[in-house]
Amino acid sequence: MTTTPVLEFRGVTAGYAGSVILQDLSFSIAPGETVGLVGRNGAGKTTTLMSVYGVPTVTGQILVDGKEVGRKAHLPAARGVSLVPQGKRIFSNLSVEENIRLGRASGRPTTWTVPDLLELFPNLARGRKRPGTSLSGGEQQMLAIARALMSGPALLMLDEPTEGLAPVIIDAIVEALEEIRARGTALLLVEQHIGMIQKVADRYLALRKGRLVGDGPVEQLGDRAVQELIAL
Ligand SMILES: Nc1ncnc2c1ncn2[C@@H]1O[C@H](COP(=O)(O)OP(=O)(O)OP(=O)(O)O)[C@@H](O)[C@H]1O
């Protein structure tokens with residue numbers, strides 16, 4: 001039996017005016033799989049995520065749920081891929097709860113309800129009526145994840161979700177990601193630090209200078225030879 005990947009790159013080359021960043025990138029993510037994308041600063045991790053939305057110039061094919069998305073930025077969410085971008089995107093004039101509800105804009109069915117998400121992130125439950133921007137950086141990250149889940153993703157992509165956060169908040173986010181995974185949502189987690197990926201993911205993809213140099217079980221990330229190849 002074959003399963004349609006939630007996301008598939010076929011020979012993707014992508015870049016910005018005058019510079020090619022990703023070179024001939026091919027990989028796929030199966031439903032429910034948890035994948036960590038590693039690589040040094042500037043290796044092309046964020047560019048990989050943005051390519052799904054056609055933001056850099058892309059050649060090759062990117063398929064979401066088996067169909068090409070082209071440069072239509074609204075299509076990935078409608079077909080089940082959501083992105084929690086680097087940094088926070090919280091609307092200041094809306095409360096925590098209103099921010100979460102905004103995720104419904106994709107129109108896809110979701111199994112997550114607002115009470116589920118407030119249970120997943122107790123910090124948000126405590127501040128549900130407060131304006132989104134009155135939250136701490138870590139709480140805003142939780143809110144961005146909660147909002148993305150309301151769009152009913154089959155695949156949730158997260159760009160360095162714990163960057164700059166306190167260890168206790170990182171633990172809460174890791175716990176939430178484990179729960180999200182247990183509910184069957186596939187994850188593509190971009191991280192510079194492999195420790196987080198070793199905790200959360202089953203499989204890793206490694207980029208070096210825009211090329212895929214590793215794709216395997218996450219246990220391999222413990223090998224020095226693999227780390228040297230990725231140049232971590
Ligand atoms: N909007 C842009 N215009 C031109 N070049 C860009 C743009 N965004 C990123 N780049 C370049 O693309 C390359 C890859 O950047 P990217 O952000 O994808 O790397 P990354 O692996 O996510 O690194 P980081 O960990 O620093 O976020 C870098 O050389 C960067 O300078």
# chains A, B, ... in the order shown; residues from 1 in each chain; ligands from 1

call {"tool": "residues_around", "arguments": {"residues": "Leu221 of chain A", "least_positions_apart": "5", "cutoff": "8 Å", "atoms": "only C-alpha atoms", "output": "list of chain:residue names"}}
result
A:Ile194, A:Gln198, A:Tyr204, A:Val226, A:Gln227

call {"tool": "write_last_selection", "arguments": {"atoms": "N, CA and C atoms", "output": "JSON list (two decimals), in the first residue's frame"}}
result
[["chain", "number", "residue", "atom", "x", "y", "z"],
["A", 194, "ILE", "N", 21.01, 19.96, 17.53],
["A", 194, "ILE", "CA", 20.46, 18.62, 17.29],
["A", 194, "ILE", "C", 19.77, 18.03, 18.52],
["A", 198, "GLN", "N", 16.77, 15.35, 18.46],
["A", 198, "GLN", "CA", 16.92, 14.00, 19.04],
["A", 198, "GLN", "C", 15.78, 13.69, 20.00],
["A", 204, "TYR", "N", 15.88, 12.49, 10.57],
["A", 204, "TYR", "CA", 16.47, 13.81, 10.32],
["A", 204, "TYR", "C", 16.76, 13.96, 8.84],
["A", 226, "VAL", "N", 28.64, 11.63, 11.07],
["A", 226, "VAL", "CA", 27.46, 12.30, 10.50],
["A", 226, "VAL", "C", 27.51, 13.79, 10.85],
["A", 227, "GLN", "N", 27.87, 14.08, 12.10],
["A", 227, "GLN", "CA", 27.95, 15.49, 12.52],
["A", 227, "GLN", "C", 28.99, 16.24, 11.71]]

call {"tool": "select_by_dssp", "arguments": {"residues": "segment 14-181 of chain A", "states": "strand (DSSP E or B)", "output": "PyMOL selection string"}}
result
chain A and resi 14-16+19-29+34-38+57-64+67-68+81-84+95+131+155-159

call {"tool": "residues_around", "arguments": {"residues": "segment 187-191 of chain A", "least_positions_apart": "3", "cutoff": "7 Å", "atoms": "only C-alpha atoms", "output": "PDB file with C-alpha atoms, in the first residue's frame"}}
result
ATOM      1  CA  GLU A  33       6.201  11.292  10.542  1.00  0.00           C
ATOM      2  CA  THR A  34       8.339  13.596  12.697  1.00  0.00           C
ATOM      3  CA  VAL A  35      11.349  14.995  10.894  1.00  0.00           C
ATOM      4  CA  GLY A  36      14.080  17.356  12.056  1.00  0.00           C
ATOM      5  CA  LEU A  37      15.814  19.565   9.489  1.00  0.00           C
ATOM      6  CA  VAL A  38      19.345  20.375  10.641  1.00  0.00           C
ATOM      7  CA  LYS A  45      16.663  25.555   6.365  1.00  0.00           C
ATOM      8  CA  LEU A 155       1.982  18.602   8.718  1.00  0.00           C
ATOM      9  CA  LEU A 156       3.130  21.328  11.082  1.00  0.00           C
ATOM     10  CA  MET A 157       6.396  23.040  10.122  1.00  0.00           C
ATOM     11  CA  LEU A 158       8.218  24.926  12.882  1.00  0.00           C
ATOM     12  CA  ASP A 159      11.203  27.222  12.324  1.00  0.00           C
ATOM     13  CA  GLU A 160      13.458  27.227  15.404  1.00  0.00           C
ATOM     14  CA  ILE A 194      20.455  18.624  17.289  1.00  0.00           C
TER      15      ILE A 194
END

call {"tool": "closest_atom_pairs", "arguments": {"of": "chain A", "to": "ligand 1", "cutoff": "9 Å", "atoms": "only C-alpha atoms and all ligand atoms", "output": "JSON lines"}}
result
{"residue": "A:Gly15", "atom": "CA", "partner": "ligand 1", "partner_atom_place_in_ligand_line": "12 (O)", "distance": 7.1}
{"residue": "A:Tyr16", "atom": "CA", "partner": "ligand 1", "partner_atom_place_in_ligand_line": "4 (C)", "distance": 4.9}
{"residue": "A:Ala17", "atom": "CA", "partner": "ligand 1", "partner_atom_place_in_ligand_line": "4 (C)", "distance": 6.8}
{"residue": "A:Gly18", "atom": "CA", "partner": "ligand 1", "partner_atom_place_in_ligand_line": "4 (C)", "distance": 8.5}
{"residue": "A:Ser19", "atom": "CA", "partner": "ligand 1", "partner_atom_place_in_ligand_line": "5 (N)", "distance": 7.1}
{"residue": "A:Val20", "atom": "CA", "partner": "ligand 1", "partner_atom_place_in_ligand_line": "12 (O)", "distance": 8.1}
{"residue": "A:Ile21", "atom": "CA", "partner": "ligand 1", "partner_atom_place_in_ligand_line": "12 (O)", "distance": 5.7}
{"residue": "A:Leu22", "atom": "CA", "partner": "ligand 1", "partner_atom_place_in_ligand_line": "14 (C)", "distance": 8.1}
{"residue": "A:Val38", "atom": "CA", "partner": "ligand 1", "partner_atom_place_in_ligand_line": "21 (O)", "distance": 7.8}
{"residue": "A:Gly39", "atom": "CA", "partner": "ligand 1", "partner_atom_place_in_ligand_line": "21 (O)", "distance": 6.0}
{"residue": "A:Arg40", "atom": "CA", "partner": "ligand 1", "partner_atom_place_in_ligand_line": "21 (O)", "distance": 5.9}
{"residue": "A:Asn41", "atom": "CA", "partner": "ligand 1", "partner_atom_place_in_ligand_line": "25 (O)", "distance": 3.9}
{"residue": "A:Gly42", "atom": "CA", "partner": "ligand 1", "partner_atom_place_in_ligand_line": "19 (O)", "distance": 3.4}
{"residue": "A:Ala43", "atom": "CA", "partner": "ligand 1", "partner_atom_place_in_ligand_line": "21 (O)", "distance": 3.8}
{"residue": "A:Gly44", "atom": "CA", "partner": "ligand 1", "partner_atom_place_in_ligand_line": "18 (O)", "distance": 3.3}
{"residue": "A:Lys45", "atom": "CA", "partner": "ligand 1", "partner_atom_place_in_ligand_line": "21 (O)", "distance": 3.7}
{"residue": "A:Thr46", "atom": "CA", "partner": "ligand 1", "partner_atom_place_in_ligand_line": "22 (O)", "distance": 3.6}
{"residue": "A:Thr47", "atom": "CA", "partner": "ligand 1", "partner_atom_place_in_ligand_line": "18 (O)", "distance": 3.6}
{"residue": "A:Thr48", "atom": "CA", "partner": "ligand 1", "partner_atom_place_in_ligand_line": "18 (O)", "distance": 6.5}
{"residue": "A:Leu49", "atom": "CA", "partner": "ligand 1", "partner_atom_place_in_ligand_line": "18 (O)", "distance": 8.1}
{"residue": "A:Met50", "atom": "CA", "partner": "ligand 1", "partner_atom_place_in_ligand_line": "18 (O)", "distance": 8.2}
{"residue": "A:Val55", "atom": "CA", "partner": "ligand 1", "partner_atom_place_in_ligand_line": "1 (N)", "distance": 8.6}
{"residue": "A:Pro56", "atom": "CA", "partner": "ligand 1", "partner_atom_place_in_ligand_line": "1 (N)", "distance": 7.5}
{"residue": "A:Gln86", "atom": "CA", "partner": "ligand 1", "partner_atom_place_in_ligand_line": "27 (O)", "distance": 8.2}
{"residue": "A:Asp159", "atom": "CA", "partner": "ligand 1", "partner_atom_place_in_ligand_line": "22 (O)", "distance": 8.0}
{"residue": "A:Glu160", "atom": "CA", "partner": "ligand 1", "partner_atom_place_in_ligand_line": "25 (O)", "distance": 8.0}
{"residue": "A:Val190", "atom": "CA", "partner": "ligand 1", "partner_atom_place_in_ligand_line": "22 (O)", "distance": 7.8}
{"residue": "A:Glu191", "atom": "CA", "partner": "ligand 1", "partner_atom_place_in_ligand_line": "25 (O)", "distance": 7.4}
{"residue": "A:Gln192", "atom": "CA", "partner": "ligand 1", "partner_atom_place_in_ligand_line": "25 (O)", "distance": 6.1}
{"residue": "A:Leu207", "atom": "CA", "partner": "ligand 1", "partner_atom_place_in_ligand_line": "21 (O)", "distance": 7.8}
{"residue": "A:Arg208", "atom": "CA", "partner": "ligand 1", "partner_atom_place_in_ligand_line": "21 (O)", "distance": 8.5}
{"residue": "A:Lys209", "atom": "CA", "partner": "ligand 1", "partner_atom_place_in_ligand_line": "14 (C)", "distance": 8.0}
{"residue": "A:Gly210", "atom": "CA", "partner": "ligand 1", "partner_atom_place_in_ligand_line": "14 (C)", "distance": 7.5}

call {"tool": "atom_distance", "arguments": {"atom1": "atom CA of Leu149 of chain A", "atom2": "atom CA of Pro167 of chain A"}}
result
23.2 Å

call {"tool": "select_by_dssp", "arguments": {"residues": "segment 43-196 of chain A", "states": "alpha helix (DSSP H)", "output": "ChimeraX atom specification"}}
result
/A:45-51,75-78,96-101,114-120,122-126,137-149,167-182,194-196

call {"tool": "residues_around", "arguments": {"residues": "Asp171 of chain A", "least_positions_apart": "4", "cutoff": "12 Å", "atoms": "only C-alpha atoms", "output": "list in words"}}
result
Phe121, Gly138, Met142, Pro161, Thr162, Leu165, Ala166, Pro167, Glu175, Ala176, Leu177, Glu178, Met196, Lys199 and Val200 of chain A

call {"tool": "write_last_selection", "arguments": {"atoms": "C-alpha atoms", "output": "tab-separated table (two decimals), in the first residue's frame"}}
result
chain	number	residue	atom	x	y	z
A	121	PHE	CA	-0.60	25.07	26.89
A	138	GLY	CA	7.81	31.77	25.01
A	142	MET	CA	2.98	28.62	22.25
A	161	PRO	CA	10.53	27.31	17.85
A	162	THR	CA	12.66	27.39	20.99
A	165	LEU	CA	13.65	30.72	25.24
A	166	ALA	CA	14.19	29.73	28.88
A	167	PRO	CA	14.76	26.00	29.60
A	175	GLU	CA	6.07	18.21	25.79
A	176	ALA	CA	3.43	19.85	23.60
A	177	LEU	CA	5.19	18.68	20.42
A	178	GLU	CA	5.16	15.13	21.79
A	196	MET	CA	15.91	19.19	20.33
A	199	LYS	CA	14.17	14.52	21.62
A	200	VAL	CA	11.26	15.10	19.27

call {"tool": "closest_residue", "arguments": {"among": "A:Ala154, A:Ile180, A:Leu94, A:Ala77", "to": "Thr4 of chain A", "atoms": "only C-alpha atoms"}}
result
A:Ala154

call {"tool": "closest_residue", "arguments": {"among": "A:Ile100, A:Ala30, A:Ile197, A:Ala186", "to": "Gly132 of chain A", "atoms": "only C-alpha atoms"}}
result
A:Ile100

call {"tool": "atom_distance", "arguments": {"atom1": "atom CA of Val58 of chain A", "atom2": "atom CA of Val12 of chain A"}}
result
6.7 Å

call {"tool": "closest_residue", "arguments": {"among": "A:Gly103, A:Pro131, A:Gly80, A:Pro122", "to": "Ile145 of chain A", "atoms": "only C-alpha atoms"}}
result
A:Gly103

call {"tool": "residues_around", "arguments": {"residues": "Pro217 of chain A", "least_positions_apart": "6", "cutoff": "9 Å", "atoms": "only C-alpha atoms", "output": "list in words"}}
result
Ala201, Asp202, Arg203 and Tyr204 of chain A

call {"tool": "residues_around", "arguments": {"residues": "His74 of chain A", "least_positions_apart": "6", "cutoff": "12 Å", "atoms": "only C-alpha atoms", "output": "list in words"}}
result
Val52, Tyr53, Gly54, Val55, Val64, Gly80, Val81, Ser82, Leu83, Ala105, Ser106 and Gly107 of chain A

call {"tool": "write_last_selection", "arguments": {"atoms": "N, CA and C atoms", "output": "PDB file, in the first residue's frame"}}
result
ATOM      1  N   VAL A  52       7.946  26.184   0.144  1.00  0.00           N
ATOM      2  CA  VAL A  52       6.606  25.577   0.075  1.00  0.00           C
ATOM      3  C   VAL A  52       5.576  26.649  -0.325  1.00  0.00           C
ATOM      4  N   TYR A  53       5.875  27.902   0.032  1.00  0.00           N
ATOM      5  CA  TYR A  53       4.965  29.018  -0.274  1.00  0.00           C
ATOM      6  C   TYR A  53       5.405  29.770  -1.531  1.00  0.00           C
ATOM      7  N   GLY A  54       6.419  29.217  -2.240  1.00  0.00           N
ATOM      8  CA  GLY A  54       6.872  29.847  -3.481  1.00  0.00           C
ATOM      9  C   GLY A  54       7.524  31.198  -3.267  1.00  0.00           C
ATOM     10  N   VAL A  55       8.046  31.453  -2.064  1.00  0.00           N
ATOM     11  CA  VAL A  55       8.595  32.778  -1.778  1.00  0.00           C
ATOM     12  C   VAL A  55       9.930  33.023  -2.494  1.00  0.00           C
ATOM     13  N   VAL A  64       2.075  19.060  -2.092  1.00  0.00           N
ATOM     14  CA  VAL A  64       1.440  18.966  -0.775  1.00  0.00           C
ATOM     15  C   VAL A  64       0.249  18.036  -0.948  1.00  0.00           C
ATOM     16  N   GLY A  80      -3.256  21.317   4.012  1.00  0.00           N
ATOM     17  CA  GLY A  80      -2.848  20.661   5.244  1.00  0.00           C
ATOM     18  C   GLY A  80      -1.442  20.902   5.740  1.00  0.00           C
ATOM     19  N   VAL A  81      -0.746  21.940   5.212  1.00  0.00           N
ATOM     20  CA  VAL A  81       0.577  22.257   5.767  1.00  0.00           C
ATOM     21  C   VAL A  81       0.516  23.626   6.428  1.00  0.00           C
ATOM     22  N   SER A  82       0.901  23.691   7.697  1.00  0.00           N
ATOM     23  CA  SER A  82       0.939  24.982   8.403  1.00  0.00           C
ATOM     24  C   SER A  82       2.352  25.278   8.850  1.00  0.00           C
ATOM     25  N   LEU A  83       2.679  26.564   8.877  1.00  0.00           N
ATOM     26  CA  LEU A  83       4.019  26.999   9.266  1.00  0.00           C
ATOM     27  C   LEU A  83       3.954  27.892  10.501  1.00  0.00           C
ATOM     28  N   ALA A 105      -9.084  30.146   9.808  1.00  0.00           N
ATOM     29  CA  ALA A 105      -9.233  30.774   8.493  1.00  0.00           C
ATOM     30  C   ALA A 105      -8.958  29.818   7.329  1.00  0.00           C
ATOM     31  N   SER A 106      -8.210  28.734   7.562  1.00  0.00           N
ATOM     32  CA  SER A 106      -7.887  27.809   6.461  1.00  0.00           C
ATOM     33  C   SER A 106      -9.135  27.092   5.948  1.00  0.00           C
ATOM     34  N   GLY A 107     -10.154  26.997   6.808  1.00  0.00           N
ATOM     35  CA  GLY A 107     -11.386  26.314   6.401  1.00  0.00           C
ATOM     36  C   GLY A 107     -11.288  24.798   6.455  1.00  0.00           C
TER      37      GLY A 107
END
